[in-house]
$ cat run.cif   # mmCIF, C-alpha atoms
data_target
loop_
_atom_site.label_atom_id
_atom_site.label_comp_id
_atom_site.auth_asym_id
_atom_site.auth_seq_id
_atom_site.Cartn_x
_atom_site.Cartn_y
_atom_site.Cartn_z
CA MET A 946 69.36 84.83 -24.89
CA THR A 947 69.25 81.05 -25.28
CA THR A 948 67.64 78.65 -22.83
CA ARG A 949 71.06 77.29 -21.93
CA ALA A 950 72.17 80.84 -21.11
CA LEU A 951 69.13 81.52 -18.85
CA LEU A 952 69.50 78.33 -16.86
CA PRO A 953 71.92 79.64 -14.22
CA HIS A 954 69.65 82.63 -13.56
CA LEU A 955 66.61 80.38 -13.17
CA VAL A 956 68.44 78.14 -10.72
CA GLY A 957 69.38 81.19 -8.63
CA LEU A 958 65.80 82.45 -8.58
CA VAL A 959 64.50 79.03 -7.55
CA THR A 960 67.05 78.87 -4.78
CA LEU A 961 66.05 82.30 -3.56
CA ALA A 962 62.41 81.35 -3.79
CA GLY A 963 63.07 78.22 -1.78
CA CYS A 964 64.86 80.20 0.83
CA ALA A 965 62.08 82.74 0.95
CA GLY A 966 59.42 80.06 1.24
CA SER A 967 61.24 77.91 3.80
CA ARG A 968 60.15 78.22 7.47
CA VAL A 969 62.74 79.84 9.62
CA GLU A 970 62.15 78.96 13.25
CA ALA A 971 63.04 81.63 15.75
CA VAL A 972 65.29 80.61 18.50
CA GLU A 973 63.52 81.45 21.76
CA ALA A 974 65.58 82.73 24.62
CA PRO A 975 65.35 80.72 27.81
CA PRO A 976 62.76 82.13 30.20
CA SER A 977 64.35 84.64 32.53
CA GLU A 978 64.16 83.96 36.26
CA PRO A 979 62.27 86.54 38.32
CA ALA A 980 64.56 89.08 39.95
CA VAL A 981 65.20 88.29 43.59
CA VAL A 982 64.59 91.36 45.81
CA PRO A 983 66.59 91.08 49.05
CA ALA A 984 64.40 91.13 52.08
CA ALA A 985 64.76 94.01 54.54
CA PRO A 986 66.79 93.06 57.64
CA PRO A 987 64.71 92.51 60.75
CA PRO A 988 64.64 95.45 63.23
CA LEU A 989 67.24 95.28 65.94
CA ALA A 990 65.97 94.41 69.37
CA VAL A 991 66.51 97.38 71.78
CA PRO A 992 66.54 96.74 75.51
CA LEU A 993 63.54 98.29 77.17
CA ASP A 994 65.68 100.32 79.53
CA LEU A 995 67.31 102.01 76.50
CA VAL A 996 64.08 102.93 74.78
CA PRO A 997 63.56 106.67 75.27
CA SER A 998 60.35 107.49 77.01
CA THR A 999 58.55 110.69 77.74
CA PRO A 1000 59.81 111.90 81.15
CA ALA A 1001 57.21 112.08 83.84
CA PRO A 1002 56.44 115.61 84.99
CA ALA A 1003 58.34 116.60 88.12
CA PRO A 1004 56.18 116.63 91.24
CA ALA A 1005 55.10 120.06 92.34
CA LEU A 1006 57.22 121.27 95.25
CA ALA A 1007 55.64 123.02 98.17
CA PRO A 1008 56.85 126.60 98.49
CA SER A 1009 59.63 127.04 101.04
CA PRO A 1010 58.53 128.78 104.22
CA PRO A 1011 59.79 132.33 104.49
CA ALA A 1012 63.09 132.62 106.33
CA SER A 1013 62.65 133.79 109.89
CA PRO A 1014 64.13 137.21 110.55
CA PRO A 1015 67.43 137.20 112.43
CA ARG A 1016 67.06 137.45 116.18
CA PRO A 1017 68.15 140.76 117.68
CA ARG A 1018 71.65 140.83 119.16
CA SER A 1019 73.50 143.39 121.21
CA ALA A 1020 77.04 144.60 120.52
CA ALA A 1021 80.17 143.63 122.40
CA LEU A 1022 81.59 145.88 125.13
CA PRO A 1023 85.30 146.73 125.49
CA GLY A 1024 85.64 144.28 128.39
CA GLY A 1025 84.63 141.33 126.16
CA PHE A 1026 81.07 140.92 127.42
CA TYR A 1027 78.02 141.83 125.35
CA ASN A 1028 75.90 144.86 126.13
CA PRO A 1029 73.29 143.67 128.67
CA MET A 1030 70.88 146.61 128.36
CA PRO A 1031 71.65 149.15 125.61
CA GLY A 1032 71.00 152.73 126.73
CA GLY A 1033 70.82 151.80 130.43
CA VAL A 1034 72.62 153.81 133.12
CA PHE A 1035 74.93 152.30 135.77
CA ALA A 1036 73.39 152.80 139.22
CA GLY A 1037 73.18 151.10 142.61
CA TYR A 1038 75.55 151.17 145.58
CA GLN A 1039 79.00 149.72 146.09
CA ALA A 1040 78.11 146.91 148.52
CA ASP A 1041 75.16 145.63 146.53
CA THR A 1042 75.12 141.91 145.69
CA GLY A 1043 75.23 142.79 142.02
CA LEU A 1044 75.05 145.63 139.56
CA ASP A 1045 71.91 147.71 138.95
CA ILE A 1046 71.40 149.22 135.48
CA ALA A 1047 68.66 151.83 135.53
CA GLY A 1048 66.29 152.57 132.67
CA SER A 1049 62.70 152.35 131.59
CA PRO A 1050 61.74 148.82 130.48
CA ARG A 1051 63.97 147.94 127.55
CA PRO A 1052 65.44 144.81 125.94
CA VAL A 1053 67.88 142.74 127.99
CA TYR A 1054 70.61 140.58 126.40
CA ALA A 1055 72.97 137.81 127.52
CA LEU A 1056 76.38 139.04 128.67
CA ALA A 1057 78.03 135.95 127.15
CA ALA A 1058 77.22 132.51 125.76
CA GLY A 1059 75.96 129.95 128.21
CA THR A 1060 73.31 127.38 129.15
CA LEU A 1061 70.14 128.32 131.01
CA ASP A 1062 69.63 127.07 134.56
CA TYR A 1063 66.22 128.73 134.54
CA SER A 1064 64.24 131.55 132.95
CA GLU A 1065 61.05 131.92 134.98
CA PRO A 1066 59.27 133.90 137.73
CA GLY A 1067 60.74 133.67 141.23
CA HIS A 1068 64.31 133.37 142.55
CA THR A 1069 64.28 136.87 144.07
CA LEU A 1070 63.42 138.46 147.42
CA TRP A 1071 61.72 141.37 145.68
CA THR A 1072 58.15 140.24 145.04
CA GLY A 1073 56.10 143.26 146.17
CA PRO A 1074 52.99 144.54 144.35
CA SER A 1075 55.04 146.74 141.99
CA ASP A 1076 57.95 144.35 141.50
CA THR A 1077 58.45 142.28 138.35
CA ALA A 1078 59.72 138.94 139.56
CA ASN A 1079 61.10 137.21 136.44
CA CYS A 1080 64.68 135.98 136.76
CA VAL A 1081 67.28 134.31 134.50
CA ARG A 1082 70.39 132.41 135.46
CA PHE A 1083 72.80 130.76 133.03
CA GLU A 1084 76.13 128.96 133.27
CA LEU A 1085 78.89 130.43 131.13
CA ASP A 1086 80.36 128.31 128.35
CA ALA A 1087 83.79 129.73 129.19
CA PRO A 1088 84.33 130.67 132.87
CA ILE A 1089 86.30 133.87 133.43
CA ALA A 1090 89.29 133.99 135.75
CA TYR A 1091 88.94 136.64 138.48
CA LYS A 1092 91.40 137.13 141.37
CA GLY A 1093 91.96 133.44 142.04
CA HIS A 1094 88.33 132.55 141.34
CA ARG A 1095 86.24 131.81 138.28
CA ILE A 1096 83.11 133.63 137.21
CA THR A 1097 80.89 130.70 136.24
CA HIS A 1098 77.29 132.01 136.26
CA VAL A 1099 75.33 135.15 135.37
CA TYR A 1100 72.14 136.09 137.23
CA TYR A 1101 69.51 138.59 136.02
CA ALA A 1102 66.61 139.77 138.21
CA HIS A 1103 63.49 141.97 137.97
CA LEU A 1104 62.64 141.30 134.31
CA SER A 1105 59.11 142.26 133.23
CA ARG A 1106 59.05 139.78 130.33
CA LEU A 1107 61.00 136.66 129.37
CA GLU A 1108 61.95 135.68 125.82
CA THR A 1109 62.17 131.99 126.84
CA LEU A 1110 60.34 130.21 129.63
CA GLN A 1111 62.42 127.43 131.15
CA ARG A 1112 61.72 125.97 134.56
CA GLU A 1113 64.56 125.15 136.91
CA GLY A 1114 65.58 121.52 136.49
CA GLU A 1115 63.84 121.23 133.13
CA THR A 1116 65.73 119.39 130.40
CA PRO A 1117 67.07 119.84 127.84
CA ARG A 1118 68.61 123.08 129.04
CA ARG A 1119 68.49 125.74 126.36
CA HIS A 1120 71.73 127.29 125.11
CA VAL A 1121 71.95 131.06 124.56
CA GLU A 1122 74.50 133.00 122.53
CA GLY A 1123 76.37 136.07 123.69
CA GLY A 1124 74.26 139.14 122.96
CA GLU A 1125 71.06 137.08 122.55
CA LEU A 1126 67.77 138.62 123.67
CA LEU A 1127 66.59 137.26 127.03
CA GLY A 1128 63.66 139.51 127.84
CA VAL A 1129 62.71 143.02 128.95
CA SER A 1130 63.83 144.83 132.09
CA GLY A 1131 61.32 145.68 134.81
CA VAL A 1132 60.88 147.24 138.23
CA ALA A 1133 61.90 146.51 141.82
CA ARG A 1134 61.33 148.74 144.84
CA HIS A 1135 59.49 151.16 142.53
CA SER A 1136 62.72 151.69 140.56
CA PRO A 1137 62.90 150.59 136.91
CA HIS A 1138 66.16 148.69 136.53
CA LEU A 1139 67.91 145.40 135.76
CA HIS A 1140 69.95 143.63 138.45
CA ILE A 1141 73.00 141.64 137.25
CA GLY A 1142 74.98 139.25 139.44
CA LEU A 1143 78.25 137.50 138.55
CA LEU A 1144 78.57 134.29 140.58
CA LEU A 1145 81.85 132.55 141.45
CA ASP A 1146 83.11 128.97 141.34
CA GLY A 1147 79.77 127.33 140.63
CA GLU A 1148 78.23 128.60 143.88
CA VAL A 1149 74.74 129.75 142.92
CA GLU A 1150 73.01 130.24 146.29
CA GLN A 1151 74.50 133.75 146.58
CA TYR A 1152 75.73 133.66 150.13
CA TRP A 1153 78.39 136.18 151.06
CA GLY A 1154 81.68 135.82 149.21
CA THR A 1155 80.30 133.78 146.28
CA PHE A 1156 79.46 136.76 144.04
CA LEU A 1157 80.95 140.02 142.87
CA LEU A 1158 79.87 143.34 144.39
CA ALA A 1159 78.50 146.19 142.27
CA ASN A 1160 81.82 147.99 141.78
CA GLU A 1161 83.55 144.71 140.88
CA VAL A 1162 80.93 143.93 138.24
CA ARG A 1163 81.37 147.39 136.70
CA ALA A 1164 85.13 146.83 136.55
CA VAL A 1165 84.71 143.44 134.84
CA LEU A 1166 82.32 144.93 132.28
CA GLY A 1167 84.87 147.57 131.28
CA GLY A 1168 85.69 150.01 134.09
CA TYR A 1169 82.39 151.88 134.16
CA ARG A 1170 81.33 154.22 136.97
CA ASN A 1171 77.91 155.11 138.37
CA GLY A 1172 76.13 157.43 135.99
CA ASP A 1173 77.85 156.06 132.86
CA ARG A 1174 75.46 155.05 130.10
CA LEU A 1175 75.79 151.87 128.10
CA PRO A 1176 75.96 152.33 124.31
CA ARG A 1177 72.58 152.31 122.63
CA GLY A 1178 73.68 150.07 119.75
#

$ encode --input "run.cif" --output "structure tokens"
Amino acid sequence: MTTRALLPHLVGLVTLAGCAGSRVEAVEAPPSEPAVVPAAPPPLAVPLDLVPSTPAPAPALAPSPPASPPRPRSAALPGGFYNPMPGGVFAGYQADTGLDIAGSPRPVYALAAGTLDYSEPGHTLWTGPSDTANCVRFELDAPIAYKGHRITHVYYAHLSRLETLQREGETPRRHVEGGELLGVSGVARHSPHLHIGLLLDGEVEQYWGTFLLANEVRAVLGGYRNGDRLPRG
């Protein structure tokens, strides 16, 4: 090949050599900015009264006292009164100032509801060595109509023991329920019995005509006769 024919090839090689030997500067990328990490939001403020707290232990409660047993009560009689002396026997005499119920000492109950005038020793003529001199008188809550009068008070005599001690004139006056225990029967004139008087129209001194006689008291209680026994219940 002639020199003239090789010339184009030499020029191309020189050009390539120049390109290969020339400095090619790299284009640097702009520095990247650091990534921004979003800050965590601040904690919400919670009112103190809404912040749950550990509940304080409940204070120890004192044990409740045991319930007192129900007080004994007597049953009602057909006449509307309550049994004054269960198991007692009607006794006494027709013109007596009240009704005698015979029987060895046994519980005595209120004939009806009322308010105590007294429940104490005294208030009886029978105060001998063998007599038991406790007496009870109470005013009925609901007076009972009787032959143009009103039965307003009940009087018990000769009790050997009293369930409640209340002096005459003492206040407050204690209220008793019908059938409530008042005491225990006793003795007078060597005879174990309970004496019951029904007093009229608020007259409590027991002068003649202000109380019912024995047979009248039996009739009011339910038509009993001497020798009849009160129910034991």

$ closest_residue --input "run.cif" --among "A:Pro1137, A:Gly1168, A:Gly1114, A:Gly1178" --to "A:Gly1037" --atoms "only C-alpha atoms"
A:Pro1137

$ atom_distance --input "run.cif" --atom1 "atom CA of A:Gly1124" --atom2 "atom CA of A:Ala1021"
7.4 Å

$ residues_around --input "run.cif" --residues "stretch 1155-1161 of chain A" --least-positions-apart "6" --cutoff "12 Å" --atoms "all atoms listed in the file" --output "PDB file with C-alpha atoms, in the frame of the given file"
ATOM      1  CA  PHE A1035      74.930 152.300 135.770  1.00  0.00           C
ATOM      2  CA  ALA A1036      73.390 152.800 139.220  1.00  0.00           C
ATOM      3  CA  GLY A1037      73.180 151.100 142.610  1.00  0.00           C
ATOM      4  CA  TYR A1038      75.550 151.170 145.580  1.00  0.00           C
ATOM      5  CA  GLN A1039      79.000 149.720 146.090  1.00  0.00           C
ATOM      6  CA  ALA A1040      78.110 146.910 148.520  1.00  0.00           C
ATOM      7  CA  ASP A1041      75.160 145.630 146.530  1.00  0.00           C
ATOM      8  CA  THR A1042      75.120 141.910 145.690  1.00  0.00           C
ATOM      9  CA  GLY A1043      75.230 142.790 142.020  1.00  0.00           C
ATOM     10  CA  LEU A1044      75.050 145.630 139.560  1.00  0.00           C
ATOM     11  CA  ASP A1045      71.910 147.710 138.950  1.00  0.00           C
ATOM     12  CA  ILE A1046      71.400 149.220 135.480  1.00  0.00           C
ATOM     13  CA  TYR A1091      88.940 136.640 138.480  1.00  0.00           C
ATOM     14  CA  LYS A1092      91.400 137.130 141.370  1.00  0.00           C
ATOM     15  CA  HIS A1094      88.330 132.550 141.340  1.00  0.00           C
ATOM     16  CA  ARG A1095      86.240 131.810 138.280  1.00  0.00           C
ATOM     17  CA  ILE A1096      83.110 133.630 137.210  1.00  0.00           C
ATOM     18  CA  THR A1097      80.890 130.700 136.240  1.00  0.00           C
ATOM     19  CA  HIS A1098      77.290 132.010 136.260  1.00  0.00           C
ATOM     20  CA  VAL A1099      75.330 135.150 135.370  1.00  0.00           C
ATOM     21  CA  TYR A1100      72.140 136.090 137.230  1.00  0.00           C
ATOM     22  CA  HIS A1140      69.950 143.630 138.450  1.00  0.00           C
ATOM     23  CA  ILE A1141      73.000 141.640 137.250  1.00  0.00           C
ATOM     24  CA  GLY A1142      74.980 139.250 139.440  1.00  0.00           C
ATOM     25  CA  LEU A1143      78.250 137.500 138.550  1.00  0.00           C
ATOM     26  CA  LEU A1144      78.570 134.290 140.580  1.00  0.00           C
ATOM     27  CA  LEU A1145      81.850 132.550 141.450  1.00  0.00           C
ATOM     28  CA  ASP A1146      83.110 128.970 141.340  1.00  0.00           C
ATOM     29  CA  GLY A1147      79.770 127.330 140.630  1.00  0.00           C
ATOM     30  CA  GLU A1148      78.230 128.600 143.880  1.00  0.00           C
ATOM     31  CA  VAL A1149      74.740 129.750 142.920  1.00  0.00           C
ATOM     32  CA  GLY A1167      84.870 147.570 131.280  1.00  0.00           C
ATOM     33  CA  GLY A1168      85.690 150.010 134.090  1.00  0.00           C
ATOM     34  CA  TYR A1169      82.390 151.880 134.160  1.00  0.00           C
ATOM     35  CA  ARG A1170      81.330 154.220 136.970  1.00  0.00           C
ATOM     36  CA  ASN A1171      77.910 155.110 138.370  1.00  0.00           C
TER      37      ASN A1171
END

$ atom_distance --input "run.cif" --atom1 "atom CA of A:Pro1052" --atom2 "atom CA of A:Met1030"
6.2 Å

$ atom_distance --input "run.cif" --atom1 "atom CA of A:Thr1116" --atom2 "atom CA of A:Leu1085"
17.2 Å

$ closest_residue --input "run.cif" --among "A:Val1132, A:Glu1115, A:Glu1122, A:Leu1127" --to "A:Thr1072" --atoms "only C-alpha atoms"
A:Val1132

$ resolve_selection --input "run.cif" --expression "the PyMOL selection byres ((chain A and resi 1067) around 12)" --output "PyMOL selection string"
chain A and resi 1063-1066+1068-1073+1076-1082+1101-1105+1111-1113

$ residues_around --input "run.cif" --residues "A:Asp1086" --least-positions-apart "2" --cutoff "8 Å" --atoms "only C-alpha atoms" --output "ChimeraX atom specification"
/A:1058-1060,1084,1088

$ closest_residue --input "run.cif" --among "A:Pro1017, A:Pro1117, A:Pro1050, A:Gly1093" --to "A:Gly1033" --atoms "all atoms listed in the file"
A:Pro1050

$ closest_residue --input "run.cif" --among "A:Ala1055, A:Leu1107, A:Asp1173, A:Pro1023" --to "A:Gly1128" --atoms "all atoms listed in the file"
A:Leu1107
